[in-house]
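Okay, data33.txt is below, compact mmCIF, C-alpha atoms and all ligand atoms:
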```txt
# COMPACT_ATOMS: atom_id res chain seq x y z
CA MET A 1 -75.40 13.66 -68.57
CA PHE A 2 -74.68 16.08 -71.40
CA ARG A 3 -73.56 19.54 -70.24
CA PRO A 4 -73.06 22.29 -72.84
CA GLY A 5 -69.56 23.81 -72.75
CA LYS A 6 -67.84 20.86 -71.11
CA ARG A 7 -66.00 18.24 -73.16
CA GLU A 8 -67.61 14.89 -72.48
CA HIS A 9 -65.20 12.15 -71.44
CA ILE A 10 -66.23 8.88 -73.09
CA ALA A 11 -64.56 5.54 -72.44
CA VAL A 12 -65.22 2.91 -75.09
CA VAL A 13 -64.67 -0.71 -74.06
CA GLY A 14 -63.90 -2.96 -77.03
CA ALA A 15 -62.12 -2.18 -80.28
CA GLY A 16 -64.28 -4.26 -82.59
CA VAL A 17 -66.29 -2.58 -85.29
CA ALA A 18 -68.98 -1.41 -82.84
CA GLY A 19 -66.44 0.24 -80.52
CA LEU A 20 -64.31 1.88 -83.21
CA VAL A 21 -67.23 3.26 -85.20
CA ALA A 22 -68.86 4.60 -82.02
CA ALA A 23 -65.56 6.09 -80.82
CA LEU A 24 -65.12 7.89 -84.15
CA GLU A 25 -68.67 9.18 -84.16
CA CYS A 26 -68.20 10.61 -80.62
CA ALA A 27 -64.70 12.00 -81.28
CA MET A 28 -65.94 13.77 -84.41
CA ARG A 29 -68.57 15.47 -82.25
CA GLY A 30 -65.84 16.88 -80.01
CA ALA A 31 -65.89 14.41 -77.12
CA GLU A 32 -62.72 13.34 -75.33
CA VAL A 33 -62.62 9.64 -76.15
CA GLU A 34 -60.43 6.72 -75.12
CA VAL A 35 -60.73 3.12 -76.29
CA LEU A 36 -59.84 0.15 -74.07
CA GLU A 37 -59.23 -3.24 -75.66
CA ARG A 38 -58.31 -6.48 -73.90
CA ALA A 39 -56.34 -7.92 -76.83
CA PRO A 40 -52.70 -6.89 -77.32
CA ILE A 41 -53.31 -5.88 -80.96
CA LEU A 42 -56.24 -4.77 -83.08
CA GLY A 43 -58.59 -7.59 -84.05
CA ALA A 44 -56.85 -10.40 -82.19
CA ARG A 45 -59.96 -11.25 -80.13
CA ALA A 46 -62.68 -9.52 -82.18
CA CYS A 47 -65.44 -11.24 -84.11
CA SER A 48 -65.11 -8.27 -86.48
CA TRP A 49 -61.77 -9.65 -87.69
CA LEU A 50 -63.51 -12.63 -89.29
CA ALA A 51 -66.30 -10.75 -91.04
CA GLY A 52 -66.85 -10.92 -94.77
CA GLY A 53 -67.20 -7.14 -94.93
CA MET A 54 -70.32 -7.16 -97.09
CA LEU A 55 -72.44 -4.01 -96.94
CA ALA A 56 -75.54 -5.64 -98.33
CA PRO A 57 -78.74 -4.15 -96.87
CA TRP A 58 -80.99 -5.41 -99.66
CA CYS A 59 -79.61 -8.95 -99.86
CA GLU A 60 -79.76 -9.26 -96.08
CA ARG A 61 -83.49 -8.49 -96.18
CA GLU A 62 -83.91 -12.08 -97.39
CA SER A 63 -83.57 -13.25 -93.79
CA ALA A 64 -83.61 -10.02 -91.75
CA GLU A 65 -86.15 -7.51 -90.49
CA PRO A 66 -86.93 -4.37 -92.55
CA ALA A 67 -84.96 -2.29 -89.98
CA VAL A 68 -81.73 -3.96 -91.12
CA MET A 69 -82.37 -2.93 -94.72
CA GLU A 70 -83.46 0.59 -93.79
CA ARG A 71 -80.73 1.43 -91.27
CA GLY A 72 -78.08 -0.51 -93.17
CA GLN A 73 -78.23 1.94 -96.05
CA LEU A 74 -76.36 4.49 -93.94
CA ALA A 75 -73.32 2.18 -94.17
CA LEU A 76 -73.13 2.76 -97.93
CA GLU A 77 -72.46 6.42 -97.34
CA TRP A 78 -70.56 6.18 -94.01
CA TRP A 79 -67.88 3.63 -94.96
CA PRO A 80 -66.66 5.28 -98.20
CA ARG A 81 -66.27 8.52 -96.24
CA HIS A 82 -64.13 6.92 -93.52
CA PHE A 83 -62.59 4.09 -95.50
CA PRO A 84 -62.13 5.21 -99.13
CA ASP A 85 -61.13 1.68 -100.20
CA THR A 86 -64.74 0.58 -99.77
CA VAL A 87 -65.70 -1.02 -103.09
CA GLN A 88 -69.09 -0.11 -104.51
CA ARG A 89 -69.65 -2.63 -107.28
CA GLY A 90 -72.81 -4.34 -106.05
CA THR A 91 -73.55 -7.97 -105.23
CA LEU A 92 -74.19 -10.80 -107.67
CA VAL A 93 -76.47 -13.66 -106.60
CA VAL A 94 -76.42 -16.94 -108.54
CA ALA A 95 -77.68 -20.51 -108.10
CA PRO A 96 -76.80 -23.81 -109.72
CA PRO A 97 -79.25 -24.82 -112.52
CA ARG A 98 -81.09 -27.40 -110.38
CA ASP A 99 -81.70 -24.78 -107.66
CA GLU A 100 -82.80 -21.88 -109.87
CA SER A 101 -86.09 -21.71 -107.94
CA GLU A 102 -83.94 -20.30 -105.12
CA ILE A 103 -83.34 -17.21 -107.26
CA ALA A 104 -87.07 -16.54 -107.56
CA ARG A 105 -87.50 -17.04 -103.81
CA PHE A 106 -84.59 -14.68 -103.03
CA ALA A 107 -85.98 -12.08 -105.48
CA ARG A 108 -89.40 -12.17 -103.79
CA ARG A 109 -87.91 -11.52 -100.37
CA THR A 110 -85.58 -8.69 -101.40
CA GLN A 111 -85.59 -5.36 -103.29
CA ALA A 112 -83.34 -3.11 -105.38
CA HIS A 113 -82.13 -5.87 -107.69
CA VAL A 114 -82.23 -6.55 -111.41
CA ALA A 115 -82.56 -9.99 -112.98
CA VAL A 116 -79.53 -11.06 -115.02
CA ASP A 117 -79.22 -13.90 -117.55
CA ALA A 118 -76.12 -15.84 -118.60
CA LEU A 119 -74.90 -12.94 -120.73
CA GLY A 120 -75.45 -10.45 -117.93
CA ILE A 121 -73.59 -12.67 -115.45
CA ALA A 122 -70.68 -13.02 -117.88
CA GLY A 123 -70.63 -9.24 -118.34
CA LEU A 124 -70.42 -8.64 -114.61
CA GLU A 125 -68.04 -11.47 -113.76
CA PRO A 126 -66.29 -12.87 -116.87
CA ASP A 127 -64.86 -15.78 -114.85
CA LEU A 128 -68.42 -17.05 -114.28
CA ALA A 129 -69.27 -17.03 -118.01
CA GLY A 130 -71.20 -20.12 -119.04
CA ARG A 131 -71.56 -21.36 -115.48
CA PHE A 132 -74.93 -19.89 -114.48
CA GLN A 133 -78.07 -19.11 -116.48
CA ARG A 134 -79.93 -16.86 -114.04
CA GLY A 135 -79.02 -14.48 -111.28
CA LEU A 136 -79.80 -11.24 -109.49
CA PHE A 137 -77.67 -8.13 -109.38
CA PHE A 138 -77.90 -5.67 -106.47
CA PRO A 139 -76.05 -2.68 -107.97
CA ARG A 140 -76.07 -0.38 -104.94
CA GLU A 141 -74.39 -2.73 -102.47
CA ALA A 142 -70.73 -2.57 -101.46
CA HIS A 143 -67.97 -4.45 -99.66
CA LEU A 144 -64.75 -3.77 -97.81
CA ASP A 145 -61.85 -5.62 -96.26
CA PRO A 146 -62.78 -5.58 -92.54
CA ARG A 147 -59.20 -5.80 -91.31
CA ARG A 148 -58.01 -2.86 -93.35
CA ALA A 149 -61.17 -0.95 -92.46
CA LEU A 150 -60.61 -1.46 -88.71
CA ALA A 151 -56.99 -0.35 -89.07
CA ALA A 152 -58.15 2.76 -90.96
CA LEU A 153 -60.60 3.61 -88.19
CA ALA A 154 -57.89 3.16 -85.56
CA GLY A 155 -55.67 5.53 -87.57
CA ALA A 156 -58.45 8.10 -87.92
CA LEU A 157 -59.05 7.94 -84.16
CA GLU A 158 -55.39 8.51 -83.41
CA ASP A 159 -55.41 11.50 -85.77
CA LEU A 160 -58.25 12.94 -83.66
CA GLY A 161 -56.21 12.46 -80.48
CA VAL A 162 -58.07 9.37 -79.27
CA VAL A 163 -55.88 6.99 -77.27
CA LEU A 164 -56.32 3.26 -77.94
CA ARG A 165 -55.11 1.25 -74.96
CA PHE A 166 -54.45 -2.42 -75.66
CA SER A 167 -54.11 -5.33 -73.21
CA VAL A 168 -56.63 -3.69 -70.87
CA GLU A 169 -59.42 -5.95 -69.61
CA ALA A 170 -61.93 -3.33 -68.45
CA ASP A 171 -65.08 -3.59 -66.34
CA PRO A 172 -67.45 -1.00 -67.88
CA GLN A 173 -69.30 -0.43 -64.58
CA ALA A 174 -66.06 0.36 -62.75
CA LEU A 175 -64.66 2.92 -65.20
CA VAL A 176 -64.54 6.62 -64.42
CA ALA A 177 -65.97 8.61 -67.34
CA ASP A 178 -69.04 10.71 -68.12
CA THR A 179 -70.26 7.86 -70.31
CA VAL A 180 -68.94 4.38 -70.88
CA LEU A 181 -69.79 2.74 -74.20
CA ASP A 182 -69.77 -1.00 -73.63
CA CYS A 183 -68.88 -2.55 -77.00
CA ARG A 184 -67.58 -5.90 -75.76
CA GLY A 185 -69.54 -8.02 -78.23
CA PHE A 186 -70.20 -11.56 -77.05
CA ALA A 187 -68.01 -11.01 -73.95
CA ALA A 188 -70.84 -8.86 -72.52
CA ARG A 189 -73.29 -11.79 -72.37
CA GLU A 190 -73.31 -11.92 -68.55
CA THR A 191 -74.56 -8.34 -68.26
CA LEU A 192 -76.96 -8.37 -71.23
CA PRO A 193 -79.84 -10.81 -70.71
CA GLY A 194 -80.74 -12.67 -73.89
CA LEU A 195 -77.45 -12.07 -75.67
CA ARG A 196 -76.33 -15.30 -77.37
CA GLY A 197 -73.53 -16.39 -79.67
CA VAL A 198 -74.21 -17.59 -83.21
CA ARG A 199 -71.26 -19.51 -84.49
CA GLY A 200 -69.78 -18.52 -87.84
CA GLU A 201 -66.99 -20.34 -89.63
CA MET A 202 -65.05 -18.96 -92.56
CA VAL A 203 -62.15 -19.73 -94.86
CA ILE A 204 -59.69 -17.43 -96.58
CA VAL A 205 -58.06 -18.83 -99.70
CA ARG A 206 -55.57 -17.54 -102.23
CA ALA A 207 -56.80 -18.37 -105.71
CA PRO A 208 -54.72 -16.68 -108.43
CA GLY A 209 -56.79 -18.62 -111.01
CA VAL A 210 -60.02 -16.79 -110.18
CA THR A 211 -61.00 -13.16 -110.66
CA LEU A 212 -64.14 -11.76 -109.07
CA SER A 213 -64.73 -8.06 -108.60
CA ARG A 214 -67.66 -8.11 -106.18
CA PRO A 215 -69.21 -10.43 -103.57
CA VAL A 216 -70.97 -13.40 -105.12
CA ARG A 217 -73.71 -15.14 -103.17
CA PHE A 218 -74.27 -18.72 -104.13
CA LEU A 219 -77.78 -19.89 -103.27
CA HIS A 220 -78.00 -23.47 -102.27
CA PRO A 221 -80.84 -24.96 -100.18
CA ARG A 222 -78.43 -26.52 -97.69
CA PHE A 223 -75.16 -24.54 -97.96
CA PRO A 224 -75.82 -20.96 -99.03
CA LEU A 225 -72.45 -19.23 -99.15
CA TYR A 226 -70.80 -16.06 -100.28
CA ILE A 227 -67.35 -15.29 -101.61
CA VAL A 228 -65.86 -11.86 -101.09
CA PRO A 229 -62.80 -10.88 -103.14
CA ARG A 230 -59.86 -9.25 -101.37
CA ALA A 231 -56.51 -7.90 -102.49
CA GLY A 232 -53.74 -10.27 -103.58
CA ALA A 233 -56.05 -12.91 -105.13
CA HIS A 234 -57.45 -13.65 -101.67
CA PHE A 235 -61.09 -14.61 -101.19
CA MET A 236 -63.08 -14.86 -98.00
CA ILE A 237 -65.53 -17.77 -98.17
CA GLY A 238 -68.28 -17.58 -95.60
CA ALA A 239 -70.01 -18.36 -93.54
CA THR A 240 -71.78 -20.97 -91.47
CA MET A 241 -74.63 -19.90 -89.17
CA ILE A 242 -74.89 -22.36 -86.32
CA GLU A 243 -76.95 -21.91 -83.14
CA SER A 244 -74.07 -22.92 -80.93
CA GLU A 245 -71.77 -21.12 -78.50
CA HIS A 246 -69.00 -23.64 -78.96
CA PRO A 247 -65.86 -21.50 -79.26
CA GLY A 248 -63.58 -24.06 -80.91
CA PRO A 249 -62.02 -24.07 -84.37
CA PRO A 250 -64.06 -24.95 -87.50
CA THR A 251 -65.29 -28.51 -87.92
CA VAL A 252 -64.35 -30.72 -90.84
CA ARG A 253 -68.01 -30.74 -91.96
CA SER A 254 -68.19 -26.94 -92.09
CA ALA A 255 -64.85 -26.65 -93.87
CA MET A 256 -65.98 -29.22 -96.45
CA GLU A 257 -69.29 -27.45 -97.02
CA LEU A 258 -67.65 -24.05 -97.51
CA LEU A 259 -64.93 -25.38 -99.77
CA ASN A 260 -67.31 -27.61 -101.76
CA ALA A 261 -69.62 -24.71 -102.44
CA ALA A 262 -66.67 -22.56 -103.59
CA PHE A 263 -65.52 -25.37 -105.86
CA THR A 264 -69.04 -25.62 -107.33
CA LEU A 265 -69.07 -21.87 -107.94
CA HIS A 266 -65.80 -22.13 -109.85
CA PRO A 267 -63.59 -25.26 -110.23
CA ALA A 268 -60.44 -23.11 -110.11
CA PHE A 269 -61.08 -22.84 -106.36
CA GLY A 270 -59.95 -26.47 -106.29
CA GLU A 271 -56.39 -25.24 -106.84
CA ALA A 272 -56.61 -22.47 -104.23
CA GLU A 273 -54.35 -22.41 -101.17
CA ILE A 274 -56.07 -22.36 -97.78
CA VAL A 275 -54.68 -19.34 -95.98
CA GLU A 276 -56.91 -19.27 -92.93
CA LEU A 277 -59.72 -21.30 -91.43
CA ASP A 278 -61.40 -19.80 -88.38
CA ALA A 279 -64.58 -19.48 -86.35
CA ASP A 280 -66.12 -17.00 -83.92
CA LEU A 281 -69.41 -16.20 -82.20
CA ARG A 282 -71.61 -13.41 -83.53
CA PRO A 283 -73.26 -11.51 -80.65
CA ALA A 284 -77.05 -11.65 -81.15
CA PHE A 285 -80.25 -10.90 -79.25
CA PRO A 286 -83.32 -13.15 -79.71
CA ASP A 287 -84.73 -10.93 -82.51
CA ASN A 288 -81.30 -10.71 -84.20
CA LEU A 289 -81.47 -6.91 -84.07
CA PRO A 290 -78.90 -4.71 -82.33
CA ARG A 291 -79.75 -2.80 -79.17
CA LEU A 292 -78.65 0.18 -77.15
CA THR A 293 -79.10 -0.63 -73.46
CA ARG A 294 -78.47 1.89 -70.70
CA GLN A 295 -77.43 1.03 -67.15
CA GLY A 296 -76.47 4.24 -65.33
CA ARG A 297 -73.49 5.78 -67.10
CA VAL A 298 -72.94 2.66 -69.18
CA LEU A 299 -74.52 2.54 -72.61
CA SER A 300 -74.09 -0.77 -74.33
CA LEU A 301 -74.05 -1.25 -78.11
CA ASN A 302 -74.47 -4.88 -78.89
CA GLY A 303 -76.28 -7.64 -80.78
CA LEU A 304 -74.89 -6.78 -84.20
CA PHE A 305 -75.33 -10.44 -85.22
CA ARG A 306 -74.29 -10.85 -88.88
CA HIS A 307 -74.50 -7.11 -89.52
CA GLY A 308 -71.60 -5.55 -87.64
CA PHE A 309 -70.17 -3.57 -90.56
CA LEU A 310 -73.59 -2.95 -92.05
CA LEU A 311 -75.28 -1.60 -88.93
CA SER A 312 -72.53 -0.12 -86.76
CA PRO A 313 -72.75 3.34 -88.43
CA ALA A 314 -76.48 3.58 -87.64
CA LEU A 315 -76.08 2.17 -84.13
CA ALA A 316 -73.13 4.46 -83.35
CA ARG A 317 -75.02 7.49 -84.60
CA GLU A 318 -77.99 6.63 -82.39
CA ALA A 319 -75.67 6.16 -79.41
CA ALA A 320 -73.93 9.48 -80.07
CA ASP A 321 -77.33 11.19 -80.41
CA LEU A 322 -78.22 9.93 -76.94
CA ILE A 323 -75.06 11.14 -75.22
CA LEU A 324 -73.88 14.04 -77.41
CA PRO A 325 -77.02 15.44 -78.96
CA ARG A 326 -76.55 17.61 -82.01
CA LYS A 327 -80.04 19.04 -82.28
CA GLU A 328 -82.50 17.34 -80.01
CA VAL A 329 -81.83 15.44 -76.80
CA ARG A 330 -83.37 11.97 -76.63
CA TYR A 331 -82.89 9.94 -73.50
CA ASP A 332 -84.78 6.78 -74.42
CA LEU A 333 -83.81 3.86 -72.24
CA ASP A 334 -83.22 0.41 -73.67
CA HIS A 335 -83.62 1.77 -77.16
CA GLN A 336 -84.81 -1.01 -79.45
CA TRP A 337 -85.01 -1.15 -83.22
C1 LIG B 401 -67.70 -15.49 -90.27
C2 LIG B 401 -68.39 -14.18 -90.06
C3 LIG B 401 -68.72 -13.38 -91.16
C4 LIG B 401 -69.35 -12.13 -90.99
N1 LIG B 401 -69.60 -11.35 -92.09
C5 LIG B 401 -70.15 -10.12 -91.95
C6 LIG B 401 -70.36 -9.26 -93.07
O1 LIG B 401 -70.06 -9.62 -94.21
N2 LIG B 401 -70.93 -8.01 -92.87
C7 LIG B 401 -71.26 -7.58 -91.62
O2 LIG B 401 -71.76 -6.46 -91.50
N3 LIG B 401 -71.06 -8.38 -90.52
C8 LIG B 401 -70.52 -9.62 -90.66
N4 LIG B 401 -70.32 -10.44 -89.58
C9 LIG B 401 -70.78 -9.99 -88.26
C10 LIG B 401 -69.80 -9.08 -87.57
O3 LIG B 401 -68.52 -9.64 -87.61
C11 LIG B 401 -70.26 -8.86 -86.11
O4 LIG B 401 -71.57 -8.38 -86.09
C12 LIG B 401 -69.34 -7.82 -85.45
O5 LIG B 401 -68.01 -8.22 -85.55
C13 LIG B 401 -69.68 -7.59 -84.01
O6 LIG B 401 -68.83 -6.53 -83.62
P1 LIG B 401 -68.60 -6.09 -82.12
O7 LIG B 401 -67.71 -4.90 -82.17
O8 LIG B 401 -69.90 -6.01 -81.42
O9 LIG B 401 -67.84 -7.34 -81.44
P2 LIG B 401 -66.31 -7.77 -81.60
O10 LIG B 401 -65.82 -7.58 -82.98
O11 LIG B 401 -66.19 -9.14 -81.03
O12 LIG B 401 -65.53 -6.73 -80.70
C14 LIG B 401 -65.59 -6.76 -79.31
C15 LIG B 401 -64.23 -6.32 -78.79
O13 LIG B 401 -64.32 -6.13 -77.39
C16 LIG B 401 -63.14 -6.62 -76.79
N5 LIG B 401 -63.43 -6.89 -75.38
C17 LIG B 401 -64.27 -7.83 -74.88
N6 LIG B 401 -64.29 -7.75 -73.52
C18 LIG B 401 -63.46 -6.74 -73.18
C19 LIG B 401 -63.06 -6.17 -71.93
N7 LIG B 401 -63.55 -6.61 -70.75
N8 LIG B 401 -62.18 -5.13 -71.94
C20 LIG B 401 -61.66 -4.66 -73.13
N9 LIG B 401 -62.01 -5.17 -74.34
C21 LIG B 401 -62.90 -6.20 -74.36
C22 LIG B 401 -62.82 -7.87 -77.60
O14 LIG B 401 -61.48 -8.27 -77.43
C23 LIG B 401 -63.14 -7.39 -79.01
O15 LIG B 401 -62.01 -6.80 -79.62
C24 LIG B 401 -69.70 -11.68 -89.69
C25 LIG B 401 -69.36 -12.48 -88.58
C26 LIG B 401 -68.72 -13.71 -88.77
C27 LIG B 401 -68.34 -14.55 -87.56
```
Using the file provided, produce a representation of the structure as structure tokens.
Amino acid sequence: MFRPGKREHIAVVGAGVAGLVAALECAMRGAEVEVLERAPILGARACSWLAGGMLAPWCERESAEPAVMERGQLALEWWPRHFPDTVQRGTLVVAPPRDESEIARFARRTQAHVAVDALGIAGLEPDLAGRFQRGLFFPREAHLDPRRALAALAGALEDLGVVLRFSVEADPQALVADTVLDCRGFAARETLPGLRGVRGEMVIVRAPGVTLSRPVRFLHPRFPLYIVPRAGAHFMIGATMIESEHPGPPTVRSAMELLNAAFTLHPAFGEAEIVELDADLRPAFPDNLPRLTRQGRVLSLNGLFRHGFLLSPALAREAADLILPRKEVRYDLDHQW
């Protein structure tokens, strides 16, 4: 319960993107915050470590509810403020000539894009010159390197006096604090009915022969994929979306599909070195929208699905509004989007 004059003590369980963004939002409002993480180092057991880092509210509308597009726009202002290396150069969407109808379908389902022809594509990404005739450009979208962004948040928290305790496997219901923010991702499935894992596999390659300056989505009826450029000629190629909670490493089929699609986007990916091949489970509710769920002092932030970086600023702000109101106090229970 919020009491004016007293510093709220908030324990955050989980140092993935949900936990770190929520911790920062609460610490900036003056709360006394600590973060408990079961892994020995940042990211070691977090789905957030594998994310592409796309902040793409309009592209995501292709397969997501309007709420994702609306609330996701906050990320475009939040991340550059807290992680200045956020890159705001938009998203380019292309399709191979035989699948150009996919472009029209994608355009119908999304907003805030402009159509680009071969010349426009070459102007945006010279390395793709002559390879695609039609595409869509979403100029307002952005991307970031999730690992560097998480490290920056951890640093910002430490600057605010927040203690991050690693190698602590915490039970949110047993913790002593005014409020516990349960941000355990998929590990919270036993206490959150309906939470499921959606498997995502990804590859990181080093391809000095390719230059891209923004995420490129490659529409393909069977293997839609995206490639996100990172520093040092690294590219994250993602991601499968499989309704499976199998926690194992990527399958040969998935690796082939991801790498084949990258090779089709640009043959120079054929010479790339595979740096990392990994898989994790995205935490998702049946409607694929995130939820705040309250059980006593424990407020859980979960179900970020494929939108952890996109939606955590909005979700964290709503959580902070519930426990540390700035203007009006709202105590909705089981707040749903
Ligand atoms: C391949 C792939 C690509 C993706 N690409 C994007 C993208 O481009 N853009 C985007 O917005 N989203 C993307 N996502 C989705 C995003 O990664 C997830 O939505 C997000 O990581 C979920 O964050 P989280 O903090 O809820 O969970 P996690 O990142 O899993 O964090 C949970 C943390 O809680 C810790 N924990 C669990 N139990 C305990 C306990 N008992 N005590 C202490 N700590 C505990 C875990 O160790 C972990 O560190 C992608 C996901 C995948 C798999």
(Q) as a ChimeraX atom specification, please: the residues near Leu164 (chain A) (cut-off 7 Å, all atoms listed in the file, same-chain neighbours under 5 positions excluded). (A) /A:34-36
Filtering to C-alpha atoms, could you give me those residues as an mmCIF file, in the frame of the given file?
```
data_model
loop_
_atom_site.group_PDB
_atom_site.id
_atom_site.type_symbol
_atom_site.label_atom_id
_atom_site.label_comp_id
_atom_site.auth_asym_id
_atom_site.auth_seq_id
_atom_site.Cartn_x
_atom_site.Cartn_y
_atom_site.Cartn_z
ATOM 1 C CA GLU A 34 -60.430 6.720 -75.120
ATOM 2 C CA VAL A 35 -60.730 3.120 -76.290
ATOM 3 C CA LEU A 36 -59.840 0.150 -74.070
#
```
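CA of Cys47 (chain A) is positioned 13.7 Å from CA of Leu277 (chain A).
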Box for ligand LIG 401 (chain B): with edges along x, y and z, all listed atoms inside and 5 Å added on each side, what are the centre and edge lengths in Å to one decimal, as JSON?
```
{"center_x": -66.6, "center_y": -10.1, "center_z": -82.5, "size_x": 20.3, "size_y": 20.8, "size_z": 33.5}
```
Q: Write as a ChimeraX atom specification the residues around ligand LIG 401 (chain B), taking 7 Å as the cut-off and counting only C-alpha atoms and all ligand atoms.
A: /A:13-19,36-39,43-55,168-171,183-188,199-202,238-240,279-283,302-311
Spatial neighbours of Arg148 (chain A), max dist 9 Å, all atoms listed in the file, sep filter under 5 positions, as a CSV table (one decimal) with C-alpha atoms, keeping the file's coordinate frame:
```csv
chain,number,residue,atom,x,y,z
A,83,PHE,CA,-62.6,4.1,-95.5
A,85,ASP,CA,-61.1,1.7,-100.2
A,153,LEU,CA,-60.6,3.6,-88.2
```
Would you fill out region 180-192 of chain A with N, CA and C atoms and return it as a short mmCIF file (atom, residue, chain, number, x, y, z; two decimals), in the frame of the given file?
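rebuild28.cif written:
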```cif
data_model
loop_
_atom_site.label_atom_id
_atom_site.label_comp_id
_atom_site.auth_asym_id
_atom_site.auth_seq_id
_atom_site.Cartn_x
_atom_site.Cartn_y
_atom_site.Cartn_z
N VAL A 180 -69.70 5.53 -70.43
CA VAL A 180 -68.94 4.38 -70.88
C VAL A 180 -69.75 3.70 -71.98
N LEU A 181 -69.14 3.50 -73.15
CA LEU A 181 -69.79 2.74 -74.20
C LEU A 181 -69.27 1.31 -74.13
N ASP A 182 -70.14 0.41 -73.76
CA ASP A 182 -69.77 -1.00 -73.63
C ASP A 182 -69.96 -1.68 -74.99
N CYS A 183 -68.84 -1.94 -75.65
CA CYS A 183 -68.88 -2.55 -77.00
C CYS A 183 -68.09 -3.84 -76.97
N ARG A 184 -68.37 -4.69 -75.97
CA ARG A 184 -67.58 -5.90 -75.76
C ARG A 184 -68.05 -7.08 -76.59
N GLY A 185 -69.07 -6.90 -77.43
CA GLY A 185 -69.54 -8.02 -78.23
C GLY A 185 -70.01 -9.16 -77.34
N PHE A 186 -69.71 -10.38 -77.76
CA PHE A 186 -70.20 -11.56 -77.05
C PHE A 186 -69.70 -11.63 -75.60
N ALA A 187 -68.56 -10.99 -75.31
CA ALA A 187 -68.01 -11.01 -73.95
C ALA A 187 -68.93 -10.32 -72.95
N ALA A 188 -69.92 -9.57 -73.43
CA ALA A 188 -70.84 -8.86 -72.52
C ALA A 188 -72.06 -9.71 -72.17
N ARG A 189 -72.06 -10.99 -72.51
CA ARG A 189 -73.29 -11.79 -72.37
C ARG A 189 -73.78 -11.86 -70.93
N GLU A 190 -72.85 -11.78 -69.94
CA GLU A 190 -73.31 -11.92 -68.55
C GLU A 190 -74.07 -10.69 -68.07
N THR A 191 -73.86 -9.55 -68.70
CA THR A 191 -74.56 -8.34 -68.26
C THR A 191 -75.71 -7.98 -69.18
N LEU A 192 -75.87 -8.68 -70.29
CA LEU A 192 -76.96 -8.37 -71.23
C LEU A 192 -77.86 -9.59 -71.38
#
```
